[in-house]
Amino acid sequence: METMCLKTGIVPTISTGGSVDARANPSEVSTVGRSAADKLPQRSVSWRFSFWLRWNSSDKGKKAVRDDGTERQSRNWVLKILHAKSVWEGKQRNEEEVVCECDACNCTVDEYDGDKEEVQLDRGSFSSMLRRVSLAEARLYAQMSHLGNLAYDIPKIKPGKLLKHFALRFVTSSIEKKESATAVAADDRNFAHSSPCEWFVCDDDHSATRFFVIQGSETLASWKANLPFEPTKFEGLDVLVHRGIYKAAAEGMYQQMLPEVHAHLKSRGSRAAFRFTGHSLGGSLALLVNLMLLIRQQVPVSSLLPVITFGSPCIMCGGDSLLDKLGLPRSHVQAVTMPRDIVPRAFSCSYPNHVAELLKAVNGNFRSHSCLNEQKLLYAPMGDLLILQPDEKFSPSHDLLPSGTGLYLLCCPLSESDDGDKKQLRAAQTLFLNSPHPLEILSDPSAFGSGGSIQRDHDMNSYLRSVRTVIRQELNQIRKAKSKVWWPLVLCYHVELMPALLLGGP
């Protein structure tokens, strides 16, 4: 199966044919984006967003451009995935159906039954739900994005430099474990190679925090994890999860990381803390391993810091309900997303009826999938959604966001405990994840390839670069604010001193 970009990503090439913790104080940013929003006409937007979908059956013959400049005939993306899936699994589709009623999976769609009132959002109301993150939080995201970038080239990590510049001590990596496994039995070698993505571990000795950093899709094994995307029960609970990614986490990565978790608990005791982070598929794996450690009672809840993901797809149906049952706050999952990154939208955009029916016809697990039946999507957003807008010179600004670079938390204006606010937040998430819709992005042939917008807006280095730009901008604003305070004082001092100088005094 052809990939959309060279190094990163989880979504296969898709054609347009076939029709198929505590957050920033709201007082700091109470007027963020208002002036920019006032410059544009206000537009009423229905949260069903049917007008965002551009399904054009006349595009069946549309061609996309390869990296080498040649053209290829596009095919329906659903059929591509299903065909590749049958290859990987030997055309075995006799798996047991997973029954998921809306009440059973605790999907956040219970309010939809019997209440079809639409939530209307325009740019102004969307902007009122944005809260600019603090400088301290931005620095944390910059550190995590830097580690995520390193995960794509683990052999070149320099432990001395990591310790000097970030006060992080390199511990081990999946590559080191594979190399050590060559000296043991064949079964252990197979176990060592069962992880779909490379990862590494480093420690902050001062805070007793161990970081697990996972790269995104890079290998054939990682694509095998991406392809079986039908829902299955997560850890035997009434919550559904992407089957391929869950299998990869449970059968490979969890078992590999568990000894490093136990070693840190033994070494640090009650002070031990764990931070999981990753990009794209790696972020999804980081989330699942984190939750599995808690559900399987391997770590206390107090030891788990929020999971931070970059450009990762939504992979759960009922994820927010699961967090609540586990006693975790919504902020335990912090998903950083760029406005035009196609990967976070792949499973959480609105699917038209004919695509939903096709999925149900091919795989019985989709027939009772509440997210698909109720919300027309495969998996729902989970936790906090943070929107990272890069410099417009790097990537076009988003119509819903204030102009200029920024990192924002999308949240309820008042309290998330209110049902109306929850509904408004879901509407805002749906609006954002459907604008632009993935097919709108993919309708541009120039979006493909190493220089296309798909890789540009999803690449881990793009996230790192954009977060650093946000920090520089914030620091510049702080310096300007300080200069406005100090210059009048300096000027007053010189004015008071002037008469003495003119009179020849001291």
# chains A, B, ... in the order shown; residues from 1 in each chain; ligands from 1
>>> select_by_dssp(residues="region 311-370 of chain A", states="strand (DSSP E)", output="PDB file with all heavy atoms, in the first residue's frame")
ATOM      1  N   MET A 316     -10.533   5.554  20.065  1.00  0.00           N
ATOM      2  CA  MET A 316     -11.452   4.980  21.046  1.00  0.00           C
ATOM      3  C   MET A 316     -12.866   5.512  20.868  1.00  0.00           C
ATOM      4  O   MET A 316     -13.062   6.655  20.448  1.00  0.00           O
ATOM      5  CB  MET A 316     -10.990   5.268  22.475  1.00  0.00           C
ATOM      6  CG  MET A 316      -9.917   4.320  22.983  1.00  0.00           C
ATOM      7  SD  MET A 316      -9.689   4.477  24.769  1.00  0.00           S
ATOM      8  CE  MET A 316      -8.740   2.995  25.083  1.00  0.00           C
ATOM      9  N   CYS A 317     -13.819   4.674  21.220  1.00  0.00           N
ATOM     10  CA  CYS A 317     -15.222   5.071  21.274  1.00  0.00           C
ATOM     11  C   CYS A 317     -15.643   4.934  22.729  1.00  0.00           C
ATOM     12  O   CYS A 317     -15.725   3.819  23.252  1.00  0.00           O
ATOM     13  CB  CYS A 317     -16.054   4.162  20.369  1.00  0.00           C
ATOM     14  SG  CYS A 317     -17.804   4.570  20.310  1.00  0.00           S
ATOM     15  N   VAL A 333      -5.262  13.104  28.955  1.00  0.00           N
ATOM     16  CA  VAL A 333      -4.893  12.929  27.547  1.00  0.00           C
ATOM     17  C   VAL A 333      -4.842  14.311  26.903  1.00  0.00           C
ATOM     18  O   VAL A 333      -5.856  15.001  26.850  1.00  0.00           O
ATOM     19  CB  VAL A 333      -5.902  12.031  26.799  1.00  0.00           C
ATOM     20  CG1 VAL A 333      -5.481  11.859  25.340  1.00  0.00           C
ATOM     21  CG2 VAL A 333      -6.035  10.683  27.486  1.00  0.00           C
ATOM     22  N   GLN A 334      -3.675  14.701  26.430  1.00  0.00           N
ATOM     23  CA  GLN A 334      -3.492  16.016  25.827  1.00  0.00           C
ATOM     24  C   GLN A 334      -3.013  15.812  24.391  1.00  0.00           C
ATOM     25  O   GLN A 334      -1.855  15.479  24.146  1.00  0.00           O
ATOM     26  CB  GLN A 334      -2.488  16.835  26.641  1.00  0.00           C
ATOM     27  CG  GLN A 334      -2.943  17.043  28.083  1.00  0.00           C
ATOM     28  CD  GLN A 334      -1.930  17.753  28.954  1.00  0.00           C
ATOM     29  OE1 GLN A 334      -0.952  18.320  28.459  1.00  0.00           O
ATOM     30  NE2 GLN A 334      -2.141  17.745  30.264  1.00  0.00           N
ATOM     31  N   ALA A 335      -3.945  15.996  23.476  1.00  0.00           N
ATOM     32  CA  ALA A 335      -3.687  15.730  22.060  1.00  0.00           C
ATOM     33  C   ALA A 335      -3.392  17.033  21.328  1.00  0.00           C
ATOM     34  O   ALA A 335      -4.288  17.847  21.108  1.00  0.00           O
ATOM     35  CB  ALA A 335      -4.888  15.029  21.430  1.00  0.00           C
ATOM     36  N   VAL A 336      -2.136  17.218  20.956  1.00  0.00           N
ATOM     37  CA  VAL A 336      -1.720  18.421  20.218  1.00  0.00           C
ATOM     38  C   VAL A 336      -1.905  18.155  18.730  1.00  0.00           C
ATOM     39  O   VAL A 336      -1.395  17.162  18.198  1.00  0.00           O
ATOM     40  CB  VAL A 336      -0.253  18.783  20.522  1.00  0.00           C
ATOM     41  CG1 VAL A 336       0.141  20.061  19.791  1.00  0.00           C
ATOM     42  CG2 VAL A 336      -0.049  18.930  22.026  1.00  0.00           C
ATOM     43  N   THR A 337      -2.643  19.040  18.072  1.00  0.00           N
ATOM     44  CA  THR A 337      -3.002  18.833  16.670  1.00  0.00           C
ATOM     45  C   THR A 337      -2.798  20.120  15.873  1.00  0.00           C
ATOM     46  O   THR A 337      -3.216  21.192  16.315  1.00  0.00           O
ATOM     47  CB  THR A 337      -4.475  18.407  16.555  1.00  0.00           C
ATOM     48  OG1 THR A 337      -4.678  17.199  17.291  1.00  0.00           O
ATOM     49  CG2 THR A 337      -4.859  18.169  15.105  1.00  0.00           C
TER      50      THR A 337
END
>>> residues_around(residues="region 377-390 of chain A", least_positions_apart="4", cutoff="6 Å", atoms="only C-alpha atoms", output="NGL selection string")
:A and (314-317 or 319-320 or 330-331 or 333-338 or 347-351 or 371-372 or 405-410 or 466)
>>> write_last_selection(atoms="N, CA, C and O atoms", output="CSV table (one decimal), in the first residue's frame")
chain,number,residue,atom,x,y,z
A,314,CYS,N,-7.6,9.6,16.6
A,314,CYS,CA,-8.6,9.1,17.6
A,314,CYS,C,-8.8,7.6,17.4
A,314,CYS,O,-9.0,7.2,16.3
A,315,ILE,N,-8.7,6.9,18.5
A,315,ILE,CA,-8.7,5.4,18.4
A,315,ILE,C,-9.7,4.8,19.4
A,315,ILE,O,-9.8,3.5,19.5
A,316,MET,N,-10.5,5.6,20.1
A,316,MET,CA,-11.5,5.0,21.0
A,316,MET,C,-12.9,5.5,20.9
A,316,MET,O,-13.1,6.7,20.4
A,317,CYS,N,-13.8,4.7,21.2
A,317,CYS,CA,-15.2,5.1,21.3
A,317,CYS,C,-15.6,4.9,22.7
A,317,CYS,O,-15.7,3.8,23.3
A,319,GLY,N,-13.9,7.0,25.1
A,319,GLY,CA,-12.7,7.2,25.8
A,319,GLY,C,-12.9,8.1,27.0
A,319,GLY,O,-12.3,7.9,28.1
A,320,ASP,N,-13.7,9.2,26.9
A,320,ASP,CA,-13.9,10.1,28.0
A,320,ASP,C,-14.5,9.4,29.2
A,320,ASP,O,-14.2,9.7,30.3
A,330,ARG,N,-10.0,14.8,32.5
A,330,ARG,CA,-10.0,14.9,31.0
A,330,ARG,C,-8.6,15.2,30.5
A,330,ARG,O,-8.1,14.8,29.5
A,331,SER,N,-7.9,16.0,31.3
A,331,SER,CA,-6.5,16.5,30.9
A,331,SER,C,-5.5,15.4,31.0
A,331,SER,O,-4.3,15.7,30.6
A,333,VAL,N,-5.3,13.1,29.0
A,333,VAL,CA,-4.9,12.9,27.5
A,333,VAL,C,-4.8,14.3,26.9
A,333,VAL,O,-5.9,15.0,26.8
A,334,GLN,N,-3.7,14.7,26.4
A,334,GLN,CA,-3.5,16.0,25.8
A,334,GLN,C,-3.0,15.8,24.4
A,334,GLN,O,-1.9,15.5,24.1
A,335,ALA,N,-3.9,16.0,23.5
A,335,ALA,CA,-3.7,15.7,22.1
A,335,ALA,C,-3.4,17.0,21.3
A,335,ALA,O,-4.3,17.8,21.1
A,336,VAL,N,-2.1,17.2,21.0
A,336,VAL,CA,-1.7,18.4,20.2
A,336,VAL,C,-1.9,18.2,18.7
A,336,VAL,O,-1.4,17.2,18.2
A,337,THR,N,-2.6,19.0,18.1
A,337,THR,CA,-3.0,18.8,16.7
A,337,THR,C,-2.8,20.1,15.9
A,337,THR,O,-3.2,21.2,16.3
A,338,MET,N,-2.2,20.0,14.7
A,338,MET,CA,-2.1,21.1,13.8
A,338,MET,C,-3.3,21.2,13.0
A,338,MET,O,-4.0,20.2,12.7
A,347,PHE,N,-10.0,9.1,11.4
A,347,PHE,CA,-11.1,8.3,12.0
A,347,PHE,C,-12.1,9.1,12.7
A,347,PHE,O,-13.1,8.6,13.2
A,348,SER,N,-12.0,10.4,12.8
A,348,SER,CA,-12.9,11.3,13.6
A,348,SER,C,-13.6,12.3,12.7
A,348,SER,O,-14.3,13.2,13.2
A,349,CYS,N,-13.4,12.2,11.4
A,349,CYS,CA,-14.2,13.1,10.5
A,349,CYS,C,-15.6,12.5,10.2
A,349,CYS,O,-15.8,11.3,10.5
A,350,SER,N,-16.5,13.2,9.7
A,350,SER,CA,-17.8,12.7,9.4
A,350,SER,C,-17.8,11.8,8.1
A,350,SER,O,-17.3,12.2,7.1
A,351,TYR,N,-18.3,10.6,8.3
A,351,TYR,CA,-18.4,9.6,7.2
A,351,TYR,C,-19.8,9.6,6.6
A,351,TYR,O,-20.8,9.6,7.4
A,371,CYS,N,-20.3,4.8,17.6
A,371,CYS,CA,-19.7,6.0,17.1
A,371,CYS,C,-20.1,6.2,15.6
A,371,CYS,O,-20.4,7.3,15.2
A,372,LEU,N,-20.0,5.1,14.9
A,372,LEU,CA,-20.4,5.1,13.4
A,372,LEU,C,-21.9,5.3,13.2
A,372,LEU,O,-22.3,6.1,12.4
A,405,THR,N,0.7,32.9,15.0
A,405,THR,CA,1.1,31.6,15.7
A,405,THR,C,0.4,31.5,17.1
A,405,THR,O,0.3,32.5,17.8
A,406,GLY,N,0.0,30.3,17.4
A,406,GLY,CA,-0.5,30.2,18.8
A,406,GLY,C,-0.7,28.7,19.1
A,406,GLY,O,-0.8,27.8,18.2
A,407,LEU,N,-0.8,28.4,20.4
A,407,LEU,CA,-1.1,27.1,20.9
A,407,LEU,C,-2.3,27.2,21.9
A,407,LEU,O,-2.1,27.9,22.9
A,408,TYR,N,-3.4,26.6,21.5
A,408,TYR,CA,-4.6,26.8,22.3
A,408,TYR,C,-5.3,25.5,22.8
A,408,TYR,O,-5.2,24.5,22.1
A,409,LEU,N,-5.9,25.6,23.9
A,409,LEU,CA,-6.7,24.5,24.4
A,409,LEU,C,-8.1,24.8,24.0
A,409,LEU,O,-8.7,25.9,24.3
A,410,LEU,N,-8.8,23.9,23.4
A,410,LEU,CA,-10.2,24.0,23.1
A,410,LEU,C,-11.0,23.5,24.3
A,410,LEU,O,-10.9,22.3,24.6
A,466,SER,N,6.9,24.5,15.2
A,466,SER,CA,5.8,25.4,15.5
A,466,SER,C,5.7,25.7,17.0
A,466,SER,O,5.4,26.9,17.4
>>> atom_distance(atom1="CA of His262 (chain A)", atom2="CA of Ile157 (chain A)")
24.2 Å
>>> residues_around(residues="Ile214 (chain A)", least_positions_apart="3", cutoff="12 Å", atoms="only C-alpha atoms", output="number ranges by chain")
A: 144-154, 173-174, 195-202, 211, 217-218, 222, 249, 253-254, 257, 275-289, 307-310, 312, 460
>>> residues_around(residues="Leu425 (chain A)", least_positions_apart="4", cutoff="7 Å", atoms="only C-alpha atoms", output="number ranges by chain")
A: 411-412, 421, 429
>>> write_last_selection(atoms="all heavy atoms", output="PDB file, in the first residue's frame")
ATOM      1  N   CYS A 411     -11.765  24.361  24.900  1.00  0.00           N
ATOM      2  CA  CYS A 411     -12.448  23.990  26.142  1.00  0.00           C
ATOM      3  C   CYS A 411     -13.778  24.713  26.253  1.00  0.00           C
ATOM      4  O   CYS A 411     -14.084  25.628  25.484  1.00  0.00           O
ATOM      5  CB  CYS A 411     -11.575  24.303  27.351  1.00  0.00           C
ATOM      6  SG  CYS A 411     -11.120  26.046  27.493  1.00  0.00           S
ATOM      7  N   CYS A 412     -14.576  24.292  27.221  1.00  0.00           N
ATOM      8  CA  CYS A 412     -15.864  24.924  27.466  1.00  0.00           C
ATOM      9  C   CYS A 412     -15.655  26.303  28.070  1.00  0.00           C
ATOM     10  O   CYS A 412     -14.768  26.486  28.913  1.00  0.00           O
ATOM     11  CB  CYS A 412     -16.699  24.078  28.414  1.00  0.00           C
ATOM     12  SG  CYS A 412     -17.155  22.466  27.747  1.00  0.00           S
ATOM     13  N   ASP A 421     -22.667  22.837  27.872  1.00  0.00           N
ATOM     14  CA  ASP A 421     -21.277  23.121  27.558  1.00  0.00           C
ATOM     15  C   ASP A 421     -20.597  21.902  26.932  1.00  0.00           C
ATOM     16  O   ASP A 421     -19.765  22.029  26.031  1.00  0.00           O
ATOM     17  CB  ASP A 421     -20.528  23.541  28.825  1.00  0.00           C
ATOM     18  CG  ASP A 421     -20.863  24.964  29.242  1.00  0.00           C
ATOM     19  OD1 ASP A 421     -21.324  25.721  28.372  1.00  0.00           O
ATOM     20  OD2 ASP A 421     -20.669  25.304  30.417  1.00  0.00           O
ATOM     21  N   GLN A 429     -15.346  20.516  18.537  1.00  0.00           N
ATOM     22  CA  GLN A 429     -14.384  19.502  18.111  1.00  0.00           C
ATOM     23  C   GLN A 429     -14.742  18.953  16.739  1.00  0.00           C
ATOM     24  O   GLN A 429     -13.874  18.786  15.873  1.00  0.00           O
ATOM     25  CB  GLN A 429     -14.335  18.360  19.140  1.00  0.00           C
ATOM     26  CG  GLN A 429     -13.729  18.749  20.473  1.00  0.00           C
ATOM     27  CD  GLN A 429     -13.843  17.623  21.495  1.00  0.00           C
ATOM     28  OE1 GLN A 429     -14.696  16.737  21.376  1.00  0.00           O
ATOM     29  NE2 GLN A 429     -13.000  17.661  22.509  1.00  0.00           N
TER      30      GLN A 429
END
>>> closest_residue(among="A:Gln256, A:Ser125, A:Pro339, A:Ser435", to="Lys177 (chain A)", atoms="only C-alpha atoms")
A:Gln256
>>> residues_around(residues="Leu401 (chain A)", least_positions_apart="4", cutoff="8 Å", atoms="only C-alpha atoms", output="VMD selection string")
chain A and resid 33 123 127 389 397
>>> write_last_selection(atoms="C-alpha atoms", output="short mmCIF file (atom, residue, chain, number, x, y, z; two decimals), in the first residue's frame")
data_model
loop_
_atom_site.label_atom_id
_atom_site.label_comp_id
_atom_site.auth_asym_id
_atom_site.auth_seq_id
_atom_site.Cartn_x
_atom_site.Cartn_y
_atom_site.Cartn_z
CA GLY A 33 -8.66 36.17 19.03
CA ARG A 123 -15.81 31.96 14.28
CA SER A 127 -12.69 31.66 19.40
CA GLN A 389 -1.33 27.00 14.66
CA SER A 397 -3.74 29.94 8.84
#
>>> atom_distance(atom1="CA of Thr232 (chain A)", atom2="CA of Ser370 (chain A)")
12.2 Å
>>> atom_distance(atom1="CA of Asp457 (chain A)", atom2="CA of Arg340 (chain A)")
6.0 Å
